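J.: Structure supplied as target_36.cif; contents: mmCIF, C-alpha atoms and all ligand atoms.
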data_entry
#
loop_
_atom_site.label_atom_id
_atom_site.label_comp_id
_atom_site.auth_asym_id
_atom_site.auth_seq_id
_atom_site.Cartn_x
_atom_site.Cartn_y
_atom_site.Cartn_z
CA MET A 6 0.00 0.00 0.00
CA VAL A 7 1.36 3.48 -0.90
CA ALA A 8 1.27 5.96 1.99
CA SER A 9 -0.69 9.08 1.02
CA ALA A 10 1.30 12.35 1.03
CA LYS A 11 0.67 14.77 3.88
CA ARG A 12 -1.54 17.75 3.10
CA LYS A 13 0.45 20.97 3.10
CA ALA A 14 -0.76 24.13 4.80
CA LEU A 15 0.76 27.60 4.56
CA ILE A 16 0.05 30.05 7.41
CA THR A 17 0.82 33.76 7.44
CA GLY A 18 0.83 35.41 10.87
CA ALA A 19 1.88 32.15 12.52
CA SER A 20 3.56 33.81 15.51
CA GLY A 21 0.31 35.43 16.63
CA GLN A 22 -2.43 34.02 18.87
CA ASP A 23 -4.50 32.53 16.04
CA GLY A 24 -1.62 31.40 13.83
CA SER A 25 0.06 29.51 16.66
CA TYR A 26 -3.13 27.65 17.68
CA LEU A 27 -3.82 26.87 14.03
CA ALA A 28 -0.30 25.49 13.50
CA GLU A 29 -0.78 23.16 16.50
CA LYS A 30 -4.21 22.04 15.27
CA LEU A 31 -2.95 21.29 11.73
CA LEU A 32 0.09 19.39 13.04
CA SER A 33 -2.19 17.35 15.31
CA VAL A 34 -4.26 16.20 12.32
CA GLY A 35 -1.22 15.27 10.25
CA TYR A 36 -0.47 18.29 8.04
CA GLU A 37 2.94 19.46 6.86
CA VAL A 38 2.79 23.01 8.20
CA HIS A 39 4.65 25.91 6.55
CA CYS A 40 4.72 29.31 8.25
CA VAL A 41 5.65 32.74 6.99
CA LEU A 42 7.47 34.69 9.71
CA ARG A 43 8.92 38.19 9.59
CA ASN A 44 12.67 38.47 8.88
CA HIS A 45 13.59 39.53 12.41
CA TRP A 46 12.73 36.06 13.78
CA PHE A 47 15.60 34.67 11.67
CA GLU A 48 18.18 37.28 12.65
CA THR A 49 19.11 35.85 16.08
CA GLU A 50 20.20 32.24 16.47
CA GLY A 51 17.80 30.30 18.69
CA LEU A 52 15.12 33.02 18.82
CA VAL A 53 11.68 31.33 18.92
CA PRO A 54 8.39 33.25 18.77
CA PRO A 55 6.93 32.60 22.27
CA ASN A 56 3.54 31.46 20.92
CA LEU A 57 5.27 28.84 18.74
CA SER A 58 7.31 27.26 21.54
CA ILE A 59 5.18 24.07 21.45
CA SER A 60 5.14 23.56 17.67
CA TYR A 61 8.38 25.24 16.53
CA ASP A 62 10.47 22.11 15.92
CA HIS A 63 7.79 20.61 13.67
CA LEU A 64 7.25 23.63 11.41
CA HIS A 65 8.73 24.60 8.05
CA LEU A 66 9.64 28.29 8.29
CA HIS A 67 9.86 30.91 5.55
CA ALA A 68 11.01 34.52 5.94
CA GLY A 69 8.54 36.95 4.41
CA SER A 70 6.24 39.89 4.97
CA LEU A 71 3.06 41.36 3.54
CA GLU A 72 5.05 44.27 2.13
CA ASN A 73 7.21 41.90 0.05
CA VAL A 74 4.63 40.67 -2.45
CA LEU A 75 7.19 39.03 -4.74
CA GLY A 76 8.52 37.11 -1.75
CA LEU A 77 5.01 35.89 -0.86
CA SER A 78 4.48 34.72 -4.40
CA ARG A 79 7.80 32.86 -4.34
CA ILE A 80 6.84 31.10 -1.09
CA VAL A 81 3.53 29.91 -2.59
CA ARG A 82 5.39 28.62 -5.67
CA GLU A 83 7.94 26.79 -3.51
CA VAL A 84 5.50 25.26 -1.00
CA MET A 85 2.60 24.52 -3.41
CA PRO A 86 0.18 24.34 -0.44
CA ASP A 87 -3.15 22.52 -0.40
CA GLU A 88 -4.50 25.12 2.02
CA CYS A 89 -3.43 28.70 2.73
CA TYR A 90 -4.51 30.53 5.90
CA HIS A 91 -3.90 34.27 5.65
CA LEU A 92 -3.94 35.58 9.22
CA ALA A 93 -1.11 38.13 9.09
CA GLY A 94 -1.60 41.84 9.32
CA TYR A 95 -2.04 44.83 11.55
CA SER A 96 -4.61 43.89 14.21
CA PHE A 97 -5.30 47.13 16.09
CA VAL A 98 -8.48 48.90 15.20
CA GLU A 99 -7.07 52.34 16.05
CA VAL A 100 -4.59 53.14 13.27
CA PRO A 101 -2.44 56.29 13.70
CA PHE A 102 -3.00 58.68 10.76
CA GLU A 103 0.64 58.39 9.64
CA GLU A 104 0.36 54.60 9.45
CA GLU A 105 -2.82 54.47 7.35
CA PRO A 106 -0.98 53.99 4.00
CA THR A 107 1.10 51.08 5.36
CA VAL A 108 -1.85 49.33 7.00
CA LEU A 109 -4.06 49.70 3.94
CA ALA A 110 -1.35 48.66 1.48
CA SER A 111 -0.12 45.64 3.46
CA LEU A 112 -3.56 44.15 4.14
CA VAL A 113 -4.80 44.69 0.60
CA SER A 114 -1.70 43.85 -1.44
CA GLY A 115 -0.74 40.91 0.81
CA THR A 116 -4.14 39.29 0.26
CA HIS A 117 -3.97 39.99 -3.45
CA ALA A 118 -0.41 38.65 -3.78
CA LEU A 119 -1.31 35.34 -2.12
CA LEU A 120 -4.46 34.86 -4.21
CA ALA A 121 -2.70 35.83 -7.44
CA ALA A 122 0.07 33.31 -6.70
CA ILE A 123 -2.50 30.62 -5.89
CA ARG A 124 -4.31 31.31 -9.15
CA GLU A 125 -1.06 31.10 -11.10
CA PHE A 126 0.78 28.19 -9.45
CA VAL A 127 -1.67 26.11 -7.39
CA PRO A 128 -5.30 26.94 -8.29
CA GLU A 129 -6.71 23.99 -6.33
CA CYS A 130 -5.29 25.43 -3.07
CA ARG A 131 -8.02 26.48 -0.60
CA PHE A 132 -7.62 30.01 0.80
CA PHE A 133 -8.85 31.45 4.10
CA LEU A 134 -8.75 35.16 4.99
CA ALA A 135 -9.11 36.32 8.60
CA GLY A 136 -11.74 39.04 8.33
CA SER A 137 -13.16 41.04 11.23
CA SER A 138 -16.37 42.39 12.70
CA GLU A 139 -14.72 45.77 12.09
CA MET A 140 -15.55 45.24 8.39
CA ILE A 141 -19.17 45.73 9.39
CA GLY A 142 -18.39 48.76 11.52
CA ALA A 143 -21.41 51.06 11.94
CA ALA A 144 -23.94 48.23 11.90
CA PRO A 145 -27.57 48.94 11.04
CA GLU A 146 -28.70 46.00 13.19
CA SER A 147 -27.64 43.77 16.08
CA PRO A 148 -26.69 40.96 16.00
CA GLN A 149 -24.99 41.10 12.61
CA SER A 150 -24.88 38.24 10.09
CA GLU A 151 -23.27 37.52 6.71
CA THR A 152 -25.94 39.68 5.03
CA THR A 153 -25.56 42.79 7.21
CA ALA A 154 -24.46 45.88 5.25
CA CYS A 155 -20.83 46.88 5.89
CA ARG A 156 -19.87 50.46 6.80
CA PRO A 157 -16.33 50.25 8.27
CA ARG A 158 -15.41 53.04 10.70
CA SER A 159 -11.66 52.54 10.61
CA ILE A 160 -8.88 52.10 8.06
CA TYR A 161 -8.35 48.69 9.67
CA GLY A 162 -11.98 47.66 8.97
CA LEU A 163 -11.82 49.15 5.50
CA SER A 164 -8.64 47.21 4.67
CA LYS A 165 -10.19 43.94 5.91
CA LEU A 166 -13.31 44.64 3.85
CA SER A 167 -11.15 45.20 0.76
CA GLY A 168 -9.43 41.85 1.40
CA PHE A 169 -12.85 40.21 1.74
CA HIS A 170 -13.85 41.57 -1.70
CA ILE A 171 -10.57 40.44 -3.27
CA ALA A 172 -11.20 36.91 -1.96
CA ARG A 173 -14.82 37.01 -3.22
CA PHE A 174 -13.62 38.28 -6.61
CA TYR A 175 -11.07 35.45 -6.95
CA ARG A 176 -13.77 32.95 -6.00
CA GLU A 177 -16.29 34.29 -8.50
CA LYS A 178 -13.98 35.14 -11.40
CA TYR A 179 -11.34 32.42 -11.19
CA GLY A 180 -13.14 29.66 -9.31
CA ILE A 181 -10.61 29.64 -6.42
CA TYR A 182 -11.91 28.16 -3.13
CA ALA A 183 -11.41 31.46 -1.24
CA VAL A 184 -13.35 32.25 1.94
CA THR A 185 -13.38 34.93 4.64
CA GLY A 186 -14.22 34.35 8.30
CA ILE A 187 -15.87 37.44 9.79
CA LEU A 188 -14.21 37.03 13.17
CA TYR A 189 -15.53 38.78 16.24
CA ASN A 190 -13.20 39.36 19.24
CA HIS A 191 -11.57 36.13 20.37
CA GLU A 192 -9.26 35.76 23.32
CA SER A 193 -6.90 33.37 25.10
CA VAL A 194 -3.77 33.26 27.24
CA ARG A 195 -1.85 34.10 24.04
CA ARG A 196 -3.69 37.39 23.44
CA GLY A 197 -1.48 40.48 23.16
CA THR A 198 -1.42 42.72 26.24
CA GLN A 199 -2.60 45.77 24.26
CA PHE A 200 -6.08 44.25 23.89
CA VAL A 201 -8.54 44.95 26.67
CA THR A 202 -9.07 41.37 27.89
CA ARG A 203 -5.39 40.63 28.43
CA LYS A 204 -4.71 44.15 29.72
CA ILE A 205 -7.33 43.48 32.41
CA THR A 206 -6.35 39.88 33.25
CA GLN A 207 -2.68 40.86 33.48
CA GLY A 208 -3.62 43.95 35.54
CA ALA A 209 -5.78 41.94 37.96
CA ALA A 210 -2.96 39.41 38.43
CA ALA A 211 -0.33 42.14 38.96
CA ILE A 212 -2.55 43.94 41.50
CA LYS A 213 -3.19 40.66 43.33
CA LEU A 214 0.57 40.07 43.58
CA GLY A 215 1.19 43.62 44.79
CA ARG A 216 3.17 44.51 41.64
CA GLN A 217 0.75 47.21 40.49
CA LYS A 218 -1.72 49.48 42.30
CA SER A 219 -4.10 50.66 39.59
CA LEU A 220 -5.26 49.89 36.06
CA SER A 221 -6.04 52.65 33.53
CA LEU A 222 -8.80 51.95 31.05
CA GLY A 223 -11.00 53.75 28.51
CA ASN A 224 -14.69 53.18 28.01
CA ILE A 225 -15.81 50.42 30.36
CA ASP A 226 -19.38 50.50 28.99
CA ALA A 227 -18.12 49.36 25.56
CA VAL A 228 -19.81 46.14 24.42
CA ARG A 229 -18.03 43.32 22.60
CA ASP A 230 -18.81 39.73 21.63
CA TRP A 231 -15.86 37.86 23.16
CA GLY A 232 -15.18 34.23 22.21
CA TYR A 233 -12.39 31.68 22.76
CA ALA A 234 -9.56 31.71 20.20
CA PRO A 235 -9.14 27.88 19.92
CA ASP A 236 -12.89 27.59 19.21
CA TYR A 237 -12.47 30.11 16.36
CA ILE A 238 -9.56 28.07 14.97
CA ASP A 239 -11.91 25.10 14.82
CA ALA A 240 -14.39 27.26 12.86
CA ILE A 241 -11.65 28.42 10.47
CA TYR A 242 -10.55 24.83 9.83
CA ARG A 243 -14.14 23.73 9.15
CA MET A 244 -14.60 26.60 6.67
CA VAL A 245 -11.60 25.41 4.66
CA GLN A 246 -12.82 21.78 4.65
CA GLY A 247 -16.35 22.75 3.49
CA ASP A 248 -18.18 21.30 0.47
CA GLU A 249 -18.43 24.75 -1.10
CA PRO A 250 -16.62 28.05 -0.49
CA LYS A 251 -18.71 30.33 1.75
CA ASP A 252 -18.05 33.25 4.07
CA PHE A 253 -19.26 32.96 7.67
CA VAL A 254 -19.64 35.08 10.79
CA ILE A 255 -17.71 33.50 13.71
CA ALA A 256 -19.03 34.79 17.03
CA THR A 257 -20.78 33.73 20.24
CA GLY A 258 -23.88 35.89 19.80
CA VAL A 259 -23.57 37.31 23.33
CA GLY A 260 -22.53 40.88 24.03
CA ARG A 261 -20.78 41.87 27.26
CA THR A 262 -19.34 45.10 28.59
CA VAL A 263 -15.81 45.82 29.74
CA ARG A 264 -17.43 46.11 33.22
CA ASP A 265 -18.51 42.42 32.95
CA LEU A 266 -14.94 41.57 32.08
CA LEU A 267 -13.65 43.47 35.13
CA GLU A 268 -16.13 41.64 37.39
CA VAL A 269 -14.92 38.21 36.27
CA ALA A 270 -11.18 39.03 36.15
CA PHE A 271 -10.97 40.77 39.52
CA GLY A 272 -13.50 38.30 41.00
CA THR A 273 -11.07 35.47 40.12
CA VAL A 274 -8.44 37.01 42.44
CA GLY A 275 -10.98 38.16 45.05
CA ILE A 276 -10.46 41.90 44.58
CA ASN A 277 -13.00 44.70 44.10
CA TRP A 278 -12.14 46.30 40.72
CA GLN A 279 -13.77 49.62 41.68
CA ASP A 280 -10.88 50.18 44.13
CA HIS A 281 -8.24 49.98 41.40
CA VAL A 282 -9.60 51.03 37.99
CA VAL A 283 -8.86 54.56 36.78
CA ILE A 284 -10.64 55.92 33.70
CA GLU A 285 -8.32 57.75 31.33
CA PRO A 286 -9.59 59.72 28.32
CA LYS A 287 -6.58 58.68 26.19
CA PHE A 288 -7.93 55.09 26.07
CA TYR A 289 -11.43 56.22 25.13
CA ARG A 290 -13.05 55.30 21.83
CA GLU A 291 -16.40 56.24 20.41
CA ILE A 292 -19.28 53.95 21.54
CA GLU A 293 -21.04 52.20 18.67
CA ALA A 294 -24.70 53.17 18.36
CA VAL A 295 -25.35 49.46 17.63
CA PRO A 296 -22.92 47.09 19.38
CA LEU A 297 -20.86 44.56 17.40
CA ILE A 298 -22.42 41.20 18.30
CA GLY A 299 -22.34 38.35 15.78
CA ASP A 300 -25.05 35.96 14.62
CA ALA A 301 -23.19 32.70 13.92
CA ARG A 302 -26.25 30.57 13.19
CA ALA A 303 -25.18 29.96 9.58
CA ILE A 304 -21.86 28.27 10.48
CA GLU A 305 -23.56 26.36 13.32
CA LEU A 306 -26.19 25.03 10.97
CA GLU A 307 -24.09 24.39 7.89
CA LEU A 308 -20.76 23.27 9.39
CA GLY A 309 -21.84 22.04 12.82
CA TRP A 310 -19.59 24.56 14.61
CA ASN A 311 -20.29 25.74 18.17
CA ALA A 312 -18.53 28.02 20.63
CA THR A 313 -17.62 25.74 23.55
CA LYS A 314 -16.02 27.83 26.31
CA PRO A 315 -18.13 30.25 28.36
CA PHE A 316 -16.92 33.85 28.75
CA SER A 317 -16.24 33.50 32.49
CA GLU A 318 -14.04 30.43 31.93
CA ILE A 319 -12.01 32.16 29.21
CA ILE A 320 -11.28 35.12 31.48
CA GLU A 321 -10.57 32.95 34.56
CA GLU A 322 -8.11 30.86 32.52
CA MET A 323 -6.35 34.05 31.39
CA VAL A 324 -6.08 35.43 34.94
CA VAL A 325 -4.68 32.13 36.27
CA SER A 326 -2.11 32.03 33.45
CA ASP A 327 -1.10 35.67 34.08
CA LEU A 328 -0.63 34.94 37.80
CA GLN A 329 1.68 32.04 36.90
CA LEU A 330 3.63 34.09 34.33
CA LEU A 331 4.15 36.97 36.76
CA GLN A 332 5.20 34.62 39.56
CA LYS A 333 7.85 33.13 37.25
CA ALA A 334 9.14 36.58 36.11
O1 LIG A 401 -10.98 46.62 22.52
C1 LIG A 401 -12.62 48.95 24.92
C2 LIG A 401 -12.41 49.45 23.50
O2 LIG A 401 -8.61 46.61 21.83
C3 LIG A 401 -12.21 46.08 22.93
C4 LIG A 401 -8.90 42.94 17.44
O3 LIG A 401 -8.69 41.54 17.49
O4 LIG A 401 -11.24 42.64 17.82
C5 LIG A 401 -10.09 43.30 18.32
O5 LIG A 401 -10.26 44.71 18.27
C6 LIG A 401 -13.09 47.14 23.54
C7 LIG A 401 -13.20 48.41 22.71
O6 LIG A 401 -10.26 44.99 20.75
C8 LIG A 401 -9.70 49.93 26.85
O7 LIG A 401 -12.96 50.77 23.37
C9 LIG A 401 -11.86 50.11 27.01
O8 LIG A 401 -14.56 48.80 22.65
O9 LIG A 401 -9.53 44.58 23.02
P1 LIG A 401 -9.75 45.69 22.08
P2 LIG A 401 -10.96 45.58 19.43
O10 LIG A 401 -10.59 47.00 19.18
O11 LIG A 401 -12.41 45.26 19.51
C10 LIG A 401 -11.59 42.94 16.45
C11 LIG A 401 -12.76 42.08 16.07
C12 LIG A 401 -10.45 42.84 15.52
O12 LIG A 401 -10.59 42.48 14.36
C13 LIG A 401 -9.14 43.36 16.00
O13 LIG A 401 -8.08 42.88 15.20
O14 LIG A 401 -12.53 47.54 24.79
N1 LIG A 401 -11.61 49.43 25.86
N2 LIG A 401 -10.71 50.44 27.62
C14 LIG A 401 -10.27 49.30 25.72
N3 LIG A 401 -9.53 48.68 24.78
C15 LIG A 401 -8.18 48.68 24.93
N4 LIG A 401 -7.41 48.06 24.00
N5 LIG A 401 -7.59 49.31 26.00
C16 LIG A 401 -8.29 49.94 27.00
O15 LIG A 401 -7.74 50.49 27.94
#
Would you mind writing the structure in this file as structure tokens?
T.:
Amino acid sequence: MVASAKRKALITGASGQDGSYLAEKLLSVGYEVHCVLRNHWFETEGLVPPNLSISYDHLHLHAGSLENVLGLSRIVREVMPDECYHLAGYSFVEVPFEEEPTVLASLVSGTHALLAAIREFVPECRFFLAGSSEMIGAAPESPQSETTACRPRSIYGLSKLSGFHIARFYREKYGIYAVTGILYNHESVRRGTQFVTRKITQGAAAIKLGRQKSLSLGNIDAVRDWGYAPDYIDAIYRMVQGDEPKDFVIATGVGRTVRDLLEVAFGTVGINWQDHVVIEPKFYREIEAVPLIGDARAIELELGWNATKPFSEIIEEMVVSDLQLLQKA
């Protein structure tokens, strides 16, 4: 009997929260996993992206960036992947004015470069783009679904929406299996500390350990639909294995405020958050008239996906992990 060749996956943004969980998932189901990492990870001998510490020795690494479109194309031609997961890119919603051209150009041309290379060298490759609820932006309704009109309110959202249309165009014009996941906020112990969940879980842990006295935040009445990153990786994987290419909203359908988040995080360490939180205007953002909450019934129905981890457990897990990390530091 001839052993069947391993399926090959190419991941951009592999050192991030989502990319690292995806790499582990694909390795666990027998893929040959290729990752595009920025040049600086190759400049120091032995430097390993912290999120990839578990999977690093099993990965095939390629130096590249969204700005280097010829390099991306070369990587696709070399790897000839069966599946390509495009997760790389700027991930902060607030883009400084001076950085708008870079953010816009890298998200749009990176997506185009990958799809153009797939069309040219490996047209049967399945392509996934990490989209965002920020594509929808000023929503006319809540919750939002795949059919909700998009009115992005940031250059970040606008760039993701452009990527979404490039993927749709390649699907419709060239028959490429290209899909976009409209991802709502998703969190884990690997979340960057600039995002509000991790800022709060790390802050609660530091205050508990006496390393910090207060935590400065912006609008604590802001509402978000927070899910669990590994659950969203499961959704992404299902979208790529589907019978037909379709875009889906990936969300929990439940909106919560930053206050709810504070209650759970500080509750985990037995501290009253009101004694430590300071509101600072510099962290303030506009409140959406209609909050960004996703309706994921389509992916639940068509691909059998479900969010598994409740909000309180996600936040508790993050606080416990931050306590351990700070105790080790
Ligand atoms: O803000 C409020 C802030 O920065 C969440 C990215 O993955 O999800 C993420 O973007 C909420 C906002 O995430 C602070 O006003 C209050 O309403 O954690 P965040 P985000 O901007 O929603 C979307 C779906 C993406 O696609 C993005 O890539 O929390 N908030 N006080 C604060 N936020 C931060 N960061 N810091 C504060 O002090």
J.: At a cut-off of 10 Å, can you tabulate as a Markdown table every residue of range 90-202 of chain A near range 31-44 of chain A together with its closest atom pair and the distance in Å to one decimal, using all atoms listed in the file and ordering rows by chain then number?
T.:
| residue | atom | partner | partner_atom | distance |
| --- | --- | --- | --- | --- |
| A:Tyr90 | CA | A:Cys40 | CA | 9.6 |
| A:His91 | CA | A:Val41 | CA | 9.8 |
| A:Ala93 | CA | A:Val41 | CA | 8.9 |
J.: To one decimal place in Å, what is the distance between CA of Lys13 in chain A and CA of Ile59 in chain A?
T.: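 Distance reported for this atom pair: 19.2 Å.
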J.: Figure out the distance between CA of Ser147 in chain A and atom O9 of ligand LIG 401 (chain A), please, to one decimal in Å.
T.: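 Straight-line distance from atom O9 of ligand LIG 401 (chain A) to CA of Ser147 in chain A works out to 19.4 Å.
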J.: Could you give me, as JSON lines, a per-residue list for chain A showing, wherever an atom lies at most 8 Å from an atom of ligand LIG 401 (chain A), the closest pair of atoms and their distance in Å to one decimal, using all atoms listed in the file and sorting by chain then residue number from low to high?
T.:
{"residue": "A:Tyr95", "atom": "CA", "partner": "A:LIG401", "partner_atom": "O13", "distance": 7.3}
{"residue": "A:Ser96", "atom": "CA", "partner": "A:LIG401", "partner_atom": "O13", "distance": 3.7}
{"residue": "A:Phe97", "atom": "CA", "partner": "A:LIG401", "partner_atom": "O13", "distance": 5.2}
{"residue": "A:Val98", "atom": "CA", "partner": "A:LIG401", "partner_atom": "O10", "distance": 4.9}
{"residue": "A:Glu99", "atom": "CA", "partner": "A:LIG401", "partner_atom": "O10", "distance": 7.1}
{"residue": "A:Gly136", "atom": "CA", "partner": "A:LIG401", "partner_atom": "O12", "distance": 7.0}
{"residue": "A:Ser137", "atom": "CA", "partner": "A:LIG401", "partner_atom": "O12", "distance": 4.3}
{"residue": "A:Ser138", "atom": "CA", "partner": "A:LIG401", "partner_atom": "C11", "distance": 4.9}
{"residue": "A:Glu139", "atom": "CA", "partner": "A:LIG401", "partner_atom": "O12", "distance": 5.7}
{"residue": "A:Gly162", "atom": "CA", "partner": "A:LIG401", "partner_atom": "O12", "distance": 7.6}
{"residue": "A:Leu188", "atom": "CA", "partner": "A:LIG401", "partner_atom": "C11", "distance": 6.0}
{"residue": "A:Tyr189", "atom": "CA", "partner": "A:LIG401", "partner_atom": "C11", "distance": 4.3}
{"residue": "A:Asn190", "atom": "CA", "partner": "A:LIG401", "partner_atom": "O4", "distance": 4.1}
{"residue": "A:His191", "atom": "CA", "partner": "A:LIG401", "partner_atom": "O3", "distance": 6.8}
{"residue": "A:Gln199", "atom": "CA", "partner": "A:LIG401", "partner_atom": "N4", "distance": 5.3}
{"residue": "A:Phe200", "atom": "CA", "partner": "A:LIG401", "partner_atom": "O9", "distance": 3.6}
{"residue": "A:Val201", "atom": "CA", "partner": "A:LIG401", "partner_atom": "O9", "distance": 3.8}
{"residue": "A:Thr202", "atom": "CA", "partner": "A:LIG401", "partner_atom": "O9", "distance": 5.9}
{"residue": "A:Arg203", "atom": "CA", "partner": "A:LIG401", "partner_atom": "O9", "distance": 7.9}
{"residue": "A:Lys204", "atom": "CA", "partner": "A:LIG401", "partner_atom": "N5", "distance": 7.0}
{"residue": "A:Ser221", "atom": "CA", "partner": "A:LIG401", "partner_atom": "O15", "distance": 6.2}
{"residue": "A:Leu222", "atom": "CA", "partner": "A:LIG401", "partner_atom": "O15", "distance": 3.6}
{"residue": "A:Gly223", "atom": "CA", "partner": "A:LIG401", "partner_atom": "N2", "distance": 3.4}
{"residue": "A:Asn224", "atom": "CA", "partner": "A:LIG401", "partner_atom": "C9", "distance": 4.3}
{"residue": "A:Ile225", "atom": "CA", "partner": "A:LIG401", "partner_atom": "C9", "distance": 5.2}
{"residue": "A:Asp226", "atom": "CA", "partner": "A:LIG401", "partner_atom": "C9", "distance": 7.8}
{"residue": "A:Ala227", "atom": "CA", "partner": "A:LIG401", "partner_atom": "O8", "distance": 4.6}
{"residue": "A:Val228", "atom": "CA", "partner": "A:LIG401", "partner_atom": "O8", "distance": 6.1}
{"residue": "A:Arg229", "atom": "CA", "partner": "A:LIG401", "partner_atom": "C6", "distance": 6.3}
{"residue": "A:Val263", "atom": "CA", "partner": "A:LIG401", "partner_atom": "O14", "distance": 6.2}
{"residue": "A:Phe288", "atom": "CA", "partner": "A:LIG401", "partner_atom": "O15", "distance": 5.0}
{"residue": "A:Tyr289", "atom": "CA", "partner": "A:LIG401", "partner_atom": "O7", "distance": 5.9}
{"residue": "A:Arg290", "atom": "CA", "partner": "A:LIG401", "partner_atom": "O7", "distance": 4.8}
{"residue": "A:Glu291", "atom": "CA", "partner": "A:LIG401", "partner_atom": "O7", "distance": 7.1}
{"residue": "A:Ile292", "atom": "CA", "partner": "A:LIG401", "partner_atom": "O8", "distance": 7.1}
J.: Selection from above, C-alpha atoms, as a JSON list (two decimals), in the frame of the given file, can you write it?
T.:
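Generated file (selection24.json):
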[["chain", "number", "residue", "atom", "x", "y", "z"],
["A", 95, "TYR", "CA", -2.04, 44.83, 11.55],
["A", 96, "SER", "CA", -4.61, 43.89, 14.21],
["A", 97, "PHE", "CA", -5.30, 47.13, 16.09],
["A", 98, "VAL", "CA", -8.48, 48.90, 15.20],
["A", 99, "GLU", "CA", -7.07, 52.34, 16.05],
["A", 136, "GLY", "CA", -11.74, 39.04, 8.33],
["A", 137, "SER", "CA", -13.16, 41.04, 11.23],
["A", 138, "SER", "CA", -16.37, 42.39, 12.70],
["A", 139, "GLU", "CA", -14.72, 45.77, 12.09],
["A", 162, "GLY", "CA", -11.98, 47.66, 8.97],
["A", 188, "LEU", "CA", -14.21, 37.03, 13.17],
["A", 189, "TYR", "CA", -15.53, 38.78, 16.24],
["A", 190, "ASN", "CA", -13.20, 39.36, 19.24],
["A", 191, "HIS", "CA", -11.57, 36.13, 20.37],
["A", 199, "GLN", "CA", -2.60, 45.77, 24.26],
["A", 200, "PHE", "CA", -6.08, 44.25, 23.89],
["A", 201, "VAL", "CA", -8.54, 44.95, 26.67],
["A", 202, "THR", "CA", -9.07, 41.37, 27.89],
["A", 203, "ARG", "CA", -5.39, 40.63, 28.43],
["A", 204, "LYS", "CA", -4.71, 44.15, 29.72],
["A", 221, "SER", "CA", -6.04, 52.65, 33.53],
["A", 222, "LEU", "CA", -8.80, 51.95, 31.05],
["A", 223, "GLY", "CA", -11.00, 53.75, 28.51],
["A", 224, "ASN", "CA", -14.69, 53.18, 28.01],
["A", 225, "ILE", "CA", -15.81, 50.42, 30.36],
["A", 226, "ASP", "CA", -19.38, 50.50, 28.99],
["A", 227, "ALA", "CA", -18.12, 49.36, 25.56],
["A", 228, "VAL", "CA", -19.81, 46.14, 24.42],
["A", 229, "ARG", "CA", -18.03, 43.32, 22.60],
["A", 263, "VAL", "CA", -15.81, 45.82, 29.74],
["A", 288, "PHE", "CA", -7.93, 55.09, 26.07],
["A", 289, "TYR", "CA", -11.43, 56.22, 25.13],
["A", 290, "ARG", "CA", -13.05, 55.30, 21.83],
["A", 291, "GLU", "CA", -16.40, 56.24, 20.41],
["A", 292, "ILE", "CA", -19.28, 53.95, 21.54]]
J.: For a quick check of understanding, using all atoms listed in the file, which of A:Ile187, A:Leu57, A:Val245, A:Leu214 has the smallest distance to Phe132 in chain A?
T.: A:Val245
J.: Pick the closest to His45 in chain A from A:Glu151, A:Leu112, A:His67, A:Glu29: which is it, counting only C-alpha atoms?
T.: A:His67
J.: Measuring between all atoms listed in the file, which one of A:Glu48, A:Asp239, A:Glu104, A:Glu307 shows the shortest distance to Lys30 in chain A?
T.: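 Answer, going by the shortest atom-to-atom distance: A:Asp239.
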J.: Rank nothing, just name the residue among A:Ala301, A:Val274, A:Ile212, A:Ile284 nearest to Val254 in chain A, using only C-alpha atoms.
T.: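 Among the listed residues, the smallest separation from Val254 in chain A belongs to A:Ala301.
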J.: My structure is short of atoms at range 199-207 of chain A; please model N, CA and C atoms there, returning them as a JSON list (two decimals), in the coordinates of the input.
T.:
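Ended up saving to rebuild.json:
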[["chain", "number", "residue", "atom", "x", "y", "z"],
["A", 199, "GLN", "N", -2.00, 44.48, 24.63],
["A", 199, "GLN", "CA", -2.60, 45.77, 24.26],
["A", 199, "GLN", "C", -4.12, 45.66, 24.16],
["A", 200, "PHE", "N", -4.63, 44.44, 24.01],
["A", 200, "PHE", "CA", -6.08, 44.25, 23.89],
["A", 200, "PHE", "C", -6.70, 44.23, 25.28],
["A", 201, "VAL", "N", -7.97, 44.66, 25.36],
["A", 201, "VAL", "CA", -8.54, 44.95, 26.67],
["A", 201, "VAL", "C", -8.65, 43.72, 27.58],
["A", 202, "THR", "N", -8.93, 42.56, 27.03],
["A", 202, "THR", "CA", -9.07, 41.37, 27.89],
["A", 202, "THR", "C", -7.77, 41.07, 28.62],
["A", 203, "ARG", "N", -6.70, 40.99, 27.84],
["A", 203, "ARG", "CA", -5.39, 40.63, 28.43],
["A", 203, "ARG", "C", -4.87, 41.76, 29.30],
["A", 204, "LYS", "N", -5.14, 43.01, 28.90],
["A", 204, "LYS", "CA", -4.71, 44.15, 29.72],
["A", 204, "LYS", "C", -5.35, 44.01, 31.11],
["A", 205, "ILE", "N", -6.62, 43.60, 31.13],
["A", 205, "ILE", "CA", -7.33, 43.48, 32.41],
["A", 205, "ILE", "C", -6.89, 42.23, 33.18],
["A", 206, "THR", "N", -6.73, 41.09, 32.50],
["A", 206, "THR", "CA", -6.35, 39.88, 33.25],
["A", 206, "THR", "C", -4.93, 40.03, 33.80],
["A", 207, "GLN", "N", -4.05, 40.64, 33.01],
["A", 207, "GLN", "CA", -2.68, 40.86, 33.48],
["A", 207, "GLN", "C", -2.69, 41.88, 34.64]]
